>>> print(open('run_19.pdb').read())   # PDB, C-alpha atoms and all ligand atoms
ATOM      1  CA  MET A   1      96.290 -63.713 -25.044
ATOM      2  CA  SER A   2      93.192 -65.592 -23.879
ATOM      3  CA  THR A   3      93.150 -69.381 -24.189
ATOM      4  CA  PRO A   4      90.800 -70.861 -26.771
ATOM      5  CA  LEU A   5      87.686 -72.819 -25.974
ATOM      6  CA  TYR A   6      86.842 -76.081 -27.675
ATOM      7  CA  SER A   7      83.641 -77.303 -29.230
ATOM      8  CA  VAL A   8      83.280 -81.081 -28.715
ATOM      9  CA  ARG A   9      80.541 -82.627 -30.866
ATOM     10  CA  MET A  10      79.454 -86.266 -30.826
ATOM     11  CA  ARG A  11      77.287 -88.085 -33.381
ATOM     12  CA  ALA A  12      76.322 -91.731 -33.325
ATOM     13  CA  SER A  13      74.471 -93.779 -35.922
ATOM     14  CA  LEU A  14      73.422 -97.353 -36.628
ATOM     15  CA  HIS A  15      72.955 -98.693 -40.181
ATOM     16  CA  GLY A  16      73.179 -95.111 -41.423
ATOM     17  CA  LEU A  17      70.397 -93.870 -39.128
ATOM     18  CA  HIS A  18      71.054 -91.141 -36.585
ATOM     19  CA  LEU A  19      70.957 -92.511 -33.017
ATOM     20  CA  ALA A  20      72.348 -89.811 -30.762
ATOM     21  CA  GLY A  21      74.111 -86.491 -30.741
ATOM     22  CA  ALA A  22      75.370 -84.119 -28.077
ATOM     23  CA  GLU A  23      77.854 -81.328 -27.764
ATOM     24  CA  ARG A  24      79.712 -79.193 -25.249
ATOM     25  CA  ILE A  25      81.953 -76.141 -25.240
ATOM     26  CA  VAL A  26      84.803 -76.566 -22.784
ATOM     27  CA  ALA A  27      88.279 -75.387 -21.802
ATOM     28  CA  GLU A  28      91.336 -77.186 -23.151
ATOM     29  CA  SER A  29      91.860 -79.051 -19.871
ATOM     30  CA  GLU A  30      88.403 -80.652 -20.176
ATOM     31  CA  VAL A  31      88.538 -81.790 -23.792
ATOM     32  CA  SER A  32      89.730 -85.373 -23.137
ATOM     33  CA  GLU A  33      87.270 -86.056 -20.356
ATOM     34  CA  THR A  34      84.387 -84.513 -22.327
ATOM     35  CA  THR A  35      85.227 -86.599 -25.388
ATOM     36  CA  ALA A  36      85.296 -89.767 -23.244
ATOM     37  CA  ARG A  37      81.961 -88.879 -21.625
ATOM     38  CA  LEU A  38      80.187 -88.154 -24.896
ATOM     39  CA  THR A  39      81.575 -91.367 -26.422
ATOM     40  CA  ALA A  40      80.365 -93.387 -23.414
ATOM     41  CA  ARG A  41      76.978 -91.766 -23.813
ATOM     42  CA  ALA A  42      76.881 -92.691 -27.508
ATOM     43  CA  MET A  43      77.727 -96.323 -26.709
ATOM     44  CA  SER A  44      74.906 -96.642 -24.165
ATOM     45  CA  THR A  45      72.185 -94.961 -26.273
ATOM     46  CA  LEU A  46      68.791 -96.651 -26.275
ATOM     47  CA  GLY A  47      68.477 -98.536 -29.580
ATOM     48  CA  GLY A  48      72.261 -99.022 -29.800
ATOM     49  CA  PRO A  49      75.040 -99.834 -29.641
ATOM     50  CA  PRO A  50      75.873 -97.643 -32.648
ATOM     51  CA  ASP A  51      78.090 -98.897 -35.475
ATOM     52  CA  ASP A  52      79.529 -95.451 -36.111
ATOM     53  CA  VAL A  53      80.491 -92.807 -33.541
ATOM     54  CA  SER A  54      82.341 -89.623 -34.311
ATOM     55  CA  CYS A  55      83.594 -87.075 -31.822
ATOM     56  CA  ARG A  56      84.847 -83.845 -33.331
ATOM     57  CA  VAL A  57      86.968 -81.310 -31.455
ATOM     58  CA  GLU A  58      87.352 -77.795 -32.814
ATOM     59  CA  SER A  59      88.984 -74.758 -31.236
ATOM     60  CA  LEU A  60      86.952 -71.552 -30.948
ATOM     61  CA  ALA A  61      88.353 -68.064 -30.608
ATOM     62  CA  ARG A  62      87.050 -66.512 -27.378
ATOM     63  CA  GLN A  63      86.350 -63.181 -29.054
ATOM     64  CA  THR A  64      83.704 -64.838 -31.242
ATOM     65  CA  VAL A  65      81.707 -66.016 -28.212
ATOM     66  CA  CYS A  66      78.382 -64.319 -27.566
ATOM     67  CA  TYR A  67      77.294 -64.440 -23.890
ATOM     68  CA  GLU A  68      73.562 -64.640 -23.186
ATOM     69  CA  SER A  69      71.019 -65.449 -20.450
ATOM     70  CA  LEU A  70      68.767 -68.467 -20.536
ATOM     71  CA  PRO A  71      64.981 -67.963 -20.737
ATOM     72  CA  ASP A  72      62.597 -68.636 -17.840
ATOM     73  CA  LEU A  73      61.328 -72.198 -17.650
ATOM     74  CA  SER A  74      57.673 -72.887 -16.859
ATOM     75  CA  THR A  75      55.867 -76.247 -16.787
ATOM     76  CA  CYS A  76      52.306 -76.720 -18.044
ATOM     77  CA  LEU A  77      50.461 -79.774 -16.719
ATOM     78  CA  VAL A  78      47.967 -81.088 -19.258
ATOM     79  CA  ASP A  79      45.422 -83.867 -19.388
ATOM     80  CA  GLY A  80      46.896 -86.163 -22.054
ATOM     81  CA  TRP A  81      48.836 -85.520 -25.245
ATOM     82  CA  GLN A  82      45.773 -84.277 -27.135
ATOM     83  CA  GLY A  83      45.402 -81.522 -24.537
ATOM     84  CA  GLY A  84      49.148 -80.909 -24.782
ATOM     85  CA  ARG A  85      48.952 -80.370 -28.528
ATOM     86  CA  GLN A  86      45.965 -78.052 -28.136
ATOM     87  CA  LEU A  87      47.969 -76.046 -25.627
ATOM     88  CA  ALA A  88      50.987 -75.971 -27.946
ATOM     89  CA  VAL A  89      48.807 -74.395 -30.661
ATOM     90  CA  SER A  90      47.487 -71.768 -28.195
ATOM     91  CA  LEU A  91      50.995 -70.865 -27.001
ATOM     92  CA  LEU A  92      52.265 -70.597 -30.581
ATOM     93  CA  VAL A  93      49.370 -68.312 -31.511
ATOM     94  CA  ARG A  94      50.113 -66.149 -28.461
ATOM     95  CA  ALA A  95      53.721 -65.908 -29.683
ATOM     96  CA  GLY A  96      52.615 -64.576 -33.089
ATOM     97  CA  VAL A  97      52.222 -67.705 -35.228
ATOM     98  CA  VAL A  98      49.091 -67.805 -37.419
ATOM     99  CA  GLU A  99      46.729 -70.444 -35.978
ATOM    100  CA  ALA A 100      46.458 -72.514 -39.176
ATOM    101  CA  VAL A 101      50.269 -72.536 -39.388
ATOM    102  CA  ALA A 102      50.582 -73.699 -35.770
ATOM    103  CA  ARG A 103      48.120 -76.533 -36.468
ATOM    104  CA  THR A 104      49.997 -77.513 -39.636
ATOM    105  CA  ALA A 105      53.260 -77.695 -37.685
ATOM    106  CA  VAL A 106      51.772 -79.890 -34.943
ATOM    107  CA  ALA A 107      50.332 -82.234 -37.595
ATOM    108  CA  LEU A 108      53.687 -82.270 -39.405
ATOM    109  CA  LEU A 109      55.637 -83.412 -36.338
ATOM    110  CA  ALA A 110      52.895 -85.925 -35.545
ATOM    111  CA  ARG A 111      53.277 -87.672 -38.899
ATOM    112  CA  GLY A 112      57.070 -87.260 -39.229
ATOM    113  CA  ALA A 113      58.380 -84.077 -40.840
ATOM    114  CA  GLY A 114      60.965 -85.737 -43.082
ATOM    115  CA  PRO A 115      60.323 -87.255 -46.530
ATOM    116  CA  GLY A 116      58.061 -90.330 -46.241
ATOM    117  CA  GLY A 117      57.235 -89.510 -42.614
ATOM    118  CA  LYS A 118      60.846 -89.970 -41.444
ATOM    119  CA  VAL A 119      62.101 -88.151 -38.361
ATOM    120  CA  MET A 120      64.401 -85.297 -39.364
ATOM    121  CA  ARG A 121      67.897 -84.925 -37.917
ATOM    122  CA  GLY A 122      67.443 -81.199 -37.472
ATOM    123  CA  ALA A 123      64.668 -78.638 -37.443
ATOM    124  CA  VAL A 124      62.044 -77.406 -39.887
ATOM    125  CA  ILE A 125      62.149 -73.659 -40.553
ATOM    126  CA  MET A 126      58.603 -72.447 -41.148
ATOM    127  CA  ASP A 127      57.278 -69.032 -42.105
ATOM    128  CA  ALA A 128      55.103 -68.022 -39.119
ATOM    129  CA  ALA A 129      52.575 -66.259 -41.378
ATOM    130  CA  THR A 130      52.280 -68.583 -44.373
ATOM    131  CA  GLY A 131      53.464 -72.008 -43.167
ATOM    132  CA  GLU A 132      55.976 -72.250 -46.032
ATOM    133  CA  ARG A 133      58.904 -74.550 -45.227
ATOM    134  CA  LEU A 134      62.205 -72.801 -45.798
ATOM    135  CA  GLU A 135      64.920 -75.304 -44.826
ATOM    136  CA  ALA A 136      67.068 -76.389 -47.784
ATOM    137  CA  ASP A 137      67.180 -80.098 -46.930
ATOM    138  CA  PRO A 138      63.879 -81.583 -45.649
ATOM    139  CA  LEU A 139      65.575 -84.650 -44.129
ATOM    140  CA  ARG A 140      68.536 -82.998 -42.430
ATOM    141  CA  GLY A 141      66.771 -79.731 -41.594
ATOM    142  CA  VAL A 142      68.859 -77.170 -39.732
ATOM    143  CA  ARG A 143      71.055 -78.318 -36.848
ATOM    144  CA  VAL A 144      71.621 -75.842 -34.034
ATOM    145  CA  SER A 145      75.181 -76.088 -32.792
ATOM    146  CA  ARG A 146      77.964 -74.412 -30.783
ATOM    147  CA  MET A 147      76.076 -73.510 -27.600
ATOM    148  CA  ASP A 148      76.580 -74.463 -23.955
ATOM    149  CA  LEU A 149      76.471 -73.212 -20.383
ATOM    150  CA  ASP A 150      79.644 -71.634 -19.078
ATOM    151  CA  ALA A 151      81.566 -73.423 -16.342
ATOM    152  CA  GLU A 152      79.910 -71.465 -13.486
ATOM    153  CA  CYS A 153      76.361 -71.540 -14.781
ATOM    154  CA  ARG A 154      76.249 -75.320 -15.419
ATOM    155  CA  PRO A 155      76.400 -76.523 -11.784
ATOM    156  CA  ARG A 156      73.977 -73.780 -10.681
ATOM    157  CA  LEU A 157      71.419 -74.749 -13.304
ATOM    158  CA  GLU A 158      71.888 -78.468 -12.664
ATOM    159  CA  SER A 159      71.120 -78.065  -8.991
ATOM    160  CA  LEU A 160      68.122 -75.786  -9.638
ATOM    161  CA  LEU A 161      66.641 -78.208 -12.163
ATOM    162  CA  SER A 162      67.270 -81.162  -9.906
ATOM    163  CA  ALA A 163      65.519 -79.373  -6.998
ATOM    164  CA  ALA A 164      62.544 -78.835  -9.331
ATOM    165  CA  SER A 165      62.543 -82.582 -10.238
ATOM    166  CA  LEU A 166      63.734 -81.688 -13.732
ATOM    167  CA  GLY A 167      67.196 -83.214 -13.399
ATOM    168  CA  HIS A 168      66.913 -85.217 -16.658
ATOM    169  CA  SER A 169      69.740 -84.161 -18.989
ATOM    170  CA  ARG A 170      67.160 -83.743 -21.788
ATOM    171  CA  VAL A 171      65.612 -80.731 -20.032
ATOM    172  CA  LEU A 172      68.929 -78.956 -19.539
ATOM    173  CA  GLU A 173      70.055 -79.629 -23.107
ATOM    174  CA  ALA A 174      66.744 -78.574 -24.636
ATOM    175  CA  LEU A 175      66.731 -75.392 -22.527
ATOM    176  CA  VAL A 176      70.212 -74.491 -23.792
ATOM    177  CA  LEU A 177      69.228 -75.211 -27.398
ATOM    178  CA  ALA A 178      66.014 -73.190 -27.087
ATOM    179  CA  GLY A 179      67.985 -70.416 -25.372
ATOM    180  CA  LYS A 180      70.187 -70.052 -28.425
ATOM    181  CA  VAL A 181      67.271 -70.362 -30.866
ATOM    182  CA  LEU A 182      65.340 -67.573 -29.098
ATOM    183  CA  HIS A 183      68.180 -65.123 -29.825
ATOM    184  CA  ALA A 184      68.221 -65.951 -33.542
ATOM    185  CA  PRO A 185      67.386 -63.171 -36.022
ATOM    186  CA  GLY A 186      63.790 -63.419 -37.247
ATOM    187  CA  LEU A 187      62.773 -66.053 -34.720
ATOM    188  CA  VAL A 188      59.129 -65.941 -33.585
ATOM    189  CA  ALA A 189      58.730 -69.230 -31.659
ATOM    190  CA  GLU A 190      59.874 -72.818 -31.403
ATOM    191  CA  LEU A 191      57.903 -76.069 -31.043
ATOM    192  CA  CYS A 192      59.593 -79.319 -30.016
ATOM    193  CA  TRP A 193      58.863 -82.802 -28.894
ATOM    194  CA  SER A 194      61.293 -85.677 -28.759
ATOM    195  CA  ASP A 195      61.476 -88.663 -31.081
ATOM    196  CA  ALA A 196      62.488 -90.872 -28.122
ATOM    197  CA  VAL A 197      59.758 -93.459 -27.517
ATOM    198  CA  ASP A 198      59.950 -93.087 -23.728
ATOM    199  CA  TYR A 199      59.910 -89.276 -23.530
ATOM    200  CA  THR A 200      56.549 -87.590 -24.141
ATOM    201  CA  ALA A 201      57.263 -84.042 -22.917
ATOM    202  CA  GLY A 202      58.125 -81.126 -25.184
ATOM    203  CA  TYR A 203      57.886 -77.350 -25.256
ATOM    204  CA  VAL A 204      56.927 -74.145 -26.962
ATOM    205  CA  ALA A 205      59.402 -71.287 -26.584
ATOM    206  CA  ASP A 206      59.159 -67.617 -27.424
ATOM    207  CA  ARG A 207      61.100 -64.534 -26.353
ATOM    208  CA  LYS A 208      58.408 -63.084 -24.077
ATOM    209  CA  ASN A 209      57.197 -66.220 -22.301
ATOM    210  CA  GLY A 210      60.412 -68.230 -22.374
ATOM    211  CA  TYR A 211      60.637 -72.018 -22.388
ATOM    212  CA  GLN A 212      57.167 -73.416 -21.715
ATOM    213  CA  ARG A 213      57.474 -77.095 -21.005
ATOM    214  CA  ILE A 214      54.379 -79.183 -21.836
ATOM    215  CA  VAL A 215      54.444 -82.478 -19.960
ATOM    216  CA  ASP A 216      52.608 -84.548 -22.560
ATOM    217  CA  LEU A 217      52.775 -84.018 -26.317
ATOM    218  CA  LYS A 218      52.645 -87.530 -27.741
ATOM    219  CA  PRO A 219      51.577 -91.072 -26.849
ATOM    220  CA  THR A 220      54.216 -93.263 -25.157
ATOM    221  CA  GLY A 221      55.908 -95.526 -27.715
ATOM    222  CA  ASP A 222      55.523 -93.079 -30.615
ATOM    223  CA  PRO A 223      58.930 -92.779 -32.370
ATOM    224  CA  ARG A 224      58.044 -89.497 -34.089
ATOM    225  CA  GLY A 225      59.097 -86.043 -32.949
ATOM    226  CA  GLY A 226      60.969 -83.010 -34.154
ATOM    227  CA  ARG A 227      61.477 -79.285 -33.996
ATOM    228  CA  VAL A 228      59.922 -76.383 -35.866
ATOM    229  CA  PHE A 229      61.408 -72.870 -35.812
ATOM    230  CA  PHE A 230      58.750 -70.310 -36.786
ATOM    231  CA  VAL A 231      60.235 -67.228 -38.387
ATOM    232  CA  ASP A 232      59.476 -63.801 -39.770
ATOM    233  CA  LEU A 233      62.378 -62.952 -42.043
ATOM    234  CA  THR A 234      61.418 -59.290 -42.556
ATOM    235  CA  GLY A 235      64.650 -57.417 -41.837
ATOM    236  CA  THR A 236      66.909 -60.475 -42.012
ATOM    237  CA  SER A 237      67.556 -63.396 -44.371
ATOM    238  CA  LEU A 238      67.440 -67.166 -44.314
ATOM    239  CA  GLN A 239      71.243 -67.270 -44.739
ATOM    240  CA  GLU A 240      71.759 -65.002 -41.742
ATOM    241  CA  LEU A 241      69.374 -67.084 -39.627
ATOM    242  CA  VAL A 242      70.959 -70.425 -40.589
ATOM    243  CA  HIS A 243      74.478 -69.054 -40.083
ATOM    244  CA  TYR A 244      73.539 -67.914 -36.578
ATOM    245  CA  LEU A 245      71.906 -71.257 -35.680
ATOM    246  CA  GLU A 246      74.745 -73.411 -36.990
ATOM    247  CA  ARG A 247      77.895 -71.328 -36.458
ATOM    248  CA  GLN A 248      77.509 -68.559 -33.865
ATOM    249  CA  VAL A 249      79.106 -69.606 -30.571
ATOM    250  CA  VAL A 250      76.769 -68.876 -27.650
ATOM    251  CA  LEU A 251      77.619 -69.431 -24.001
ATOM    252  CA  PHE A 252      75.040 -68.921 -21.274
ATOM    253  CA  ASN A 253      76.432 -67.260 -18.182
ATOM    254  CA  ASP A 254      73.107 -66.544 -16.491
ATOM    255  CA  MET A 255      69.726 -68.179 -16.236
ATOM    256  CA  GLY A 256      66.076 -67.297 -15.884
ATOM    257  CA  SER A 257      63.616 -68.447 -13.236
ATOM    258  CA  ILE A 258      62.365 -71.995 -12.859
ATOM    259  CA  LEU A 259      58.644 -71.561 -12.216
ATOM    260  CA  LEU A 260      56.323 -73.961 -10.406
ATOM    261  CA  PRO A 261      54.242 -76.365 -12.553
ATOM    262  CA  LYS A 262      50.786 -75.078 -13.427
ATOM    263  CA  GLU A 263      47.674 -77.012 -14.481
ATOM    264  CA  TRP A 264      46.366 -75.907 -17.853
ATOM    265  CA  THR A 265      42.756 -76.203 -18.957
ATOM    266  CA  PRO A 266      41.136 -74.908 -22.166
ATOM    267  CA  ALA A 267      39.581 -72.101 -20.046
ATOM    268  CA  ASP A 268      43.085 -70.620 -19.602
ATOM    269  CA  GLU A 269      43.243 -69.772 -23.309
TER
HETATM  270  P1  LIG B 301      65.451 -84.657 -29.095
HETATM  271  O1  LIG B 301      64.767 -83.711 -28.164
HETATM  272  O2  LIG B 301      66.931 -84.688 -28.952
HETATM  273  O3  LIG B 301      64.804 -86.007 -29.064
HETATM  274  O4  LIG B 301      65.208 -84.077 -30.546
HETATM  275  C1  LIG B 301      63.917 -83.967 -31.071
HETATM  276  C2  LIG B 301      64.027 -83.577 -32.517
HETATM  277  O5  LIG B 301      64.594 -82.291 -32.606
HETATM  278  C3  LIG B 301      64.911 -84.484 -33.375
HETATM  279  O6  LIG B 301      64.148 -85.524 -33.914
HETATM  280  C4  LIG B 301      65.382 -83.551 -34.446
HETATM  281  O7  LIG B 301      64.411 -83.460 -35.463
HETATM  282  C5  LIG B 301      65.439 -82.209 -33.742
HETATM  283  N1  LIG B 301      66.785 -81.864 -33.257
HETATM  284  C6  LIG B 301      67.559 -82.569 -32.405
HETATM  285  N2  LIG B 301      68.718 -81.939 -32.182
HETATM  286  C7  LIG B 301      68.671 -80.796 -32.903
HETATM  287  C8  LIG B 301      69.571 -79.722 -33.114
HETATM  288  N3  LIG B 301      70.771 -79.673 -32.527
HETATM  289  N4  LIG B 301      69.192 -78.720 -33.920
HETATM  290  C9  LIG B 301      67.970 -78.741 -34.525
HETATM  291  N5  LIG B 301      67.102 -79.730 -34.377
HETATM  292  C10 LIG B 301      67.435 -80.740 -33.589
END
>>> encode(input="run_19.pdb", output="structure tokens")
Amino acid sequence: MSTPLYSVRMRASLHGLHLAGAERIVAESEVSETTARLTARAMSTLGGPPDDVSCRVESLARQTVCYESLPDLSTCLVDGWQGGRQLAVSLLVRAGVVEAVARTAVALLARGAGPGGKVMRGAVIMDAATGERLEADPLRGVRVSRMDLDAECRPRLESLLSAASLGHSRVLEALVLAGKVLHAPGLVAELCWSDAVDYTAGYVADRKNGYQRIVDLKPTGDPRGGRVFFVDLTGTSLQELVHYLERQVVLFNDMGSILLPKEWTPADE
């Protein structure tokens, strides 16, 4: 009988506001160390220390694991965040999102997608053709969970990203999250930029072009950010999509290429 894997999920908050979250999927022998690492990370989060940290450990049956490959990663150099947002719209349109919907989504993240302009804890789900928001809870959104690199792929990817000067853990974690999202039923594209005040990069991802990192998507110091998953639910359902994003266990055992950074100008459209 094969040994189970464990999902280790950390969440930290301060005064009821979400501060940090991270998760891993590991073998039994790594559960204690992983829990300690994620807890240490929670305690040293910018804006902390948190007043509430939870670390949840859950066993996963190996036969439920879906093995996938990560998408290619490309980097688009842009002249300022305004140029970055313009590029994000172009890449979303190329992926199949209606232009007005792409613009609405960029404006939504820019003003805070949650009620009253708050940053959401999870992602918006948006119809790629109409712009209708489909997530049940507009503050929580949908949280993608239960994905990681397998034990062999992690060190390989870490060294490749570090050689490309992309060794920041944010890039690796966002690539893994986007990798899972791109395999979701009905998924057309994803748009993301961080809510961290010191991190202005983000990305657009789609199945054909992979993870397209955009170096500047917001002004430094701006605490707003978020994620939008653009979908076409013909042939699937919202329940199926949300179940996949939240519950399906995905481990990446292979990766795509890490491409050299490329300057982007409006003429490239
Ligand atoms: P981050 O890149 O971690 O700064 O996250 C940027 C935004 O993406 C957050 O403000 C959330 O709205 C959203 N987000 C973060 N983690 C997840 C997740 N696991 N699933 C869906 N959305 C997320």
>>> closest_atom_pairs(input="run_19.pdb", of="segment 48-165 of chain A", to="segment 7-17 of chain A", cutoff="7 Å", atoms="all atoms listed in the file", output="CSV")
residue,atom,partner,partner_atom,distance
A:Pro50,CA,A:Leu14,CA,4.7
A:Asp51,CA,A:Leu14,CA,5.1
A:Asp52,CA,A:Ser13,CA,5.3
A:Val53,CA,A:Ala12,CA,4.3
A:Ser54,CA,A:Arg11,CA,5.4
A:Cys55,CA,A:Met10,CA,4.3
A:Arg56,CA,A:Arg9,CA,5.1
A:Val57,CA,A:Val8,CA,4.6
A:Glu58,CA,A:Ser7,CA,5.2
A:Ser59,CA,A:Ser7,CA,6.2
A:Leu60,CA,A:Ser7,CA,6.9
A:Arg146,CA,A:Ser7,CA,6.6
>>> residues_near_ligand(input="run_19.pdb", ligand="ligand LIG 301 (chain B)", cutoff="6 Å", atoms="all atoms listed in the file", output="mmCIF file with C-alpha atoms, keeping the file's coordinate frame")
data_model
loop_
_atom_site.group_PDB
_atom_site.id
_atom_site.type_symbol
_atom_site.label_atom_id
_atom_site.label_comp_id
_atom_site.auth_asym_id
_atom_site.auth_seq_id
_atom_site.Cartn_x
_atom_site.Cartn_y
_atom_site.Cartn_z
ATOM 1 C CA VAL A 119 62.101 -88.151 -38.361
ATOM 2 C CA MET A 120 64.401 -85.297 -39.364
ATOM 3 C CA ARG A 121 67.897 -84.925 -37.917
ATOM 4 C CA GLY A 122 67.443 -81.199 -37.472
ATOM 5 C CA ALA A 123 64.668 -78.638 -37.443
ATOM 6 C CA VAL A 142 68.859 -77.170 -39.732
ATOM 7 C CA ARG A 143 71.055 -78.318 -36.848
ATOM 8 C CA VAL A 144 71.621 -75.842 -34.034
ATOM 9 C CA SER A 145 75.181 -76.088 -32.792
ATOM 10 C CA TRP A 193 58.863 -82.802 -28.894
ATOM 11 C CA SER A 194 61.293 -85.677 -28.759
ATOM 12 C CA ASP A 195 61.476 -88.663 -31.081
ATOM 13 C CA ALA A 196 62.488 -90.872 -28.122
ATOM 14 C CA GLY A 225 59.097 -86.043 -32.949
ATOM 15 C CA GLY A 226 60.969 -83.010 -34.154
ATOM 16 C CA ARG A 227 61.477 -79.285 -33.996
#
>>> residues_around(input="run_19.pdb", residues="Gln239 of chain A", least_positions_apart="5", cutoff="12 Å", atoms="only C-alpha atoms", output="list in words")
Ile125, Leu134, Glu135, Ala136, Val142, Ala184, Pro185, Gly186, Leu233, Tyr244, Leu245, Glu246 and Arg247 of chain A
>>> residues_around(input="run_19.pdb", residues="Asn209 of chain A", least_positions_apart="3", cutoff="10 Å", atoms="all atoms listed in the file", output="ChimeraX atom specification")
/A:71-74,91,94-95,189,204-206,212
>>> write_last_selection(input="run_19.pdb", atoms="C-alpha atoms", output="PDB file, keeping the file's coordinate frame")
ATOM      1  CA  PRO A  71      64.981 -67.963 -20.737  1.00  0.00           C
ATOM      2  CA  ASP A  72      62.597 -68.636 -17.840  1.00  0.00           C
ATOM      3  CA  LEU A  73      61.328 -72.198 -17.650  1.00  0.00           C
ATOM      4  CA  SER A  74      57.673 -72.887 -16.859  1.00  0.00           C
ATOM      5  CA  LEU A  91      50.995 -70.865 -27.001  1.00  0.00           C
ATOM      6  CA  ARG A  94      50.113 -66.149 -28.461  1.00  0.00           C
ATOM      7  CA  ALA A  95      53.721 -65.908 -29.683  1.00  0.00           C
ATOM      8  CA  ALA A 189      58.730 -69.230 -31.659  1.00  0.00           C
ATOM      9  CA  VAL A 204      56.927 -74.145 -26.962  1.00  0.00           C
ATOM     10  CA  ALA A 205      59.402 -71.287 -26.584  1.00  0.00           C
ATOM     11  CA  ASP A 206      59.159 -67.617 -27.424  1.00  0.00           C
ATOM     12  CA  GLN A 212      57.167 -73.416 -21.715  1.00  0.00           C
TER      13      GLN A 212
END
>>> residues_around(input="run_19.pdb", residues="Val26 of chain A", least_positions_apart="3", cutoff="12 Å", atoms="all atoms listed in the file", output="VMD selection string")
chain A and resid 3 to 9 23 29 to 35 57 to 60 62 146 to 152 154 249 251
>>> closest_residue(input="run_19.pdb", among="A:Arg103, A:Arg156, A:Arg207, A:His168", to="His183 of chain A", atoms="all atoms listed in the file")
A:Arg207
>>> residues_around(input="run_19.pdb", residues="Leu175 of chain A", least_positions_apart="3", cutoff="9 Å", atoms="all atoms listed in the file", output="list in words")
Leu70, Pro71, Leu73, Arg170, Val171, Leu172, Ala178, Gly179, Lys180 and Tyr211 of chain A
>>> closest_residue(input="run_19.pdb", among="A:Val78, A:Ser162, A:Val231, A:His18", to="Arg133 of chain A", atoms="all atoms listed in the file")
A:Val231
>>> residues_around(input="run_19.pdb", residues="Met126 of chain A", least_positions_apart="3", cutoff="9 Å", atoms="all atoms listed in the file", output="list in words")
Val101, Ala105, Ala129, Thr130, Gly131, Glu132, Arg133, Leu134, Glu135, Val228, Phe229, Phe230, Val231 and Asp232 of chain A
>>> atom_distance(input="run_19.pdb", atom1="atom CA of Pro138 of chain A", atom2="atom CA of Lys118 of chain A")
9.9 Å
>>> resolve_selection(input="run_19.pdb", expression="the PyMOL selection byres (((chain A and resi 89) around 8) and not hetatm)", output="PyMOL selection string")
chain A and resi 85-88+90-93+99+102-103+106
>>> write_last_selection(input="run_19.pdb", atoms="C-alpha atoms", output="tab-separated table (two decimals), in the coordinates of the input")
chain	number	residue	atom	x	y	z
A	85	ARG	CA	48.95	-80.37	-28.53
A	86	GLN	CA	45.96	-78.05	-28.14
A	87	LEU	CA	47.97	-76.05	-25.63
A	88	ALA	CA	50.99	-75.97	-27.95
A	90	SER	CA	47.49	-71.77	-28.20
A	91	LEU	CA	51.00	-70.86	-27.00
A	92	LEU	CA	52.26	-70.60	-30.58
A	93	VAL	CA	49.37	-68.31	-31.51
A	99	GLU	CA	46.73	-70.44	-35.98
A	102	ALA	CA	50.58	-73.70	-35.77
A	103	ARG	CA	48.12	-76.53	-36.47
A	106	VAL	CA	51.77	-79.89	-34.94
>>> axis_aligned_box(input="run_19.pdb", around="segment 60-75 of chain A", padding_each_side="6 Å", output="lines of an AutoDock Vina configuration file")
center_x = 72.1
center_y = -69.7
center_z = -24.0
size_x = 44.5
size_y = 25.1
size_z = 26.5
>>> atom_distance(input="run_19.pdb", atom1="atom CA of Cys66 of chain A", atom2="atom CA of Gly210 of chain A")
19.1 Å
>>> closest_residue(input="run_19.pdb", among="A:Val124, A:Cys76, A:Leu139, A:Leu177", to="Leu108 of chain A", atoms="only C-alpha atoms")
A:Val124
>>> closest_residue(input="run_19.pdb", among="A:Leu160, A:Ala27, A:Leu77, A:Ala22", to="Ala40 of chain A", atoms="all atoms listed in the file")
A:Ala22
>>> closest_atom_pairs(input="run_19.pdb", of="segment 81-138 of chain A", to="segment 216-220 of chain A", cutoff="9 Å", atoms="only C-alpha atoms", output="JSON lines")
{"residue": "A:Trp81", "atom": "CA", "partner": "A:Leu217", "partner_atom": "CA", "distance": 4.3}
{"residue": "A:Gln82", "atom": "CA", "partner": "A:Leu217", "partner_atom": "CA", "distance": 7.1}
{"residue": "A:Gly83", "atom": "CA", "partner": "A:Leu217", "partner_atom": "CA", "distance": 8.0}
{"residue": "A:Gly84", "atom": "CA", "partner": "A:Leu217", "partner_atom": "CA", "distance": 5.0}
{"residue": "A:Arg85", "atom": "CA", "partner": "A:Leu217", "partner_atom": "CA", "distance": 5.7}
{"residue": "A:Ala88", "atom": "CA", "partner": "A:Leu217", "partner_atom": "CA", "distance": 8.4}
{"residue": "A:Ala110", "atom": "CA", "partner": "A:Lys218", "partner_atom": "CA", "distance": 8.0}
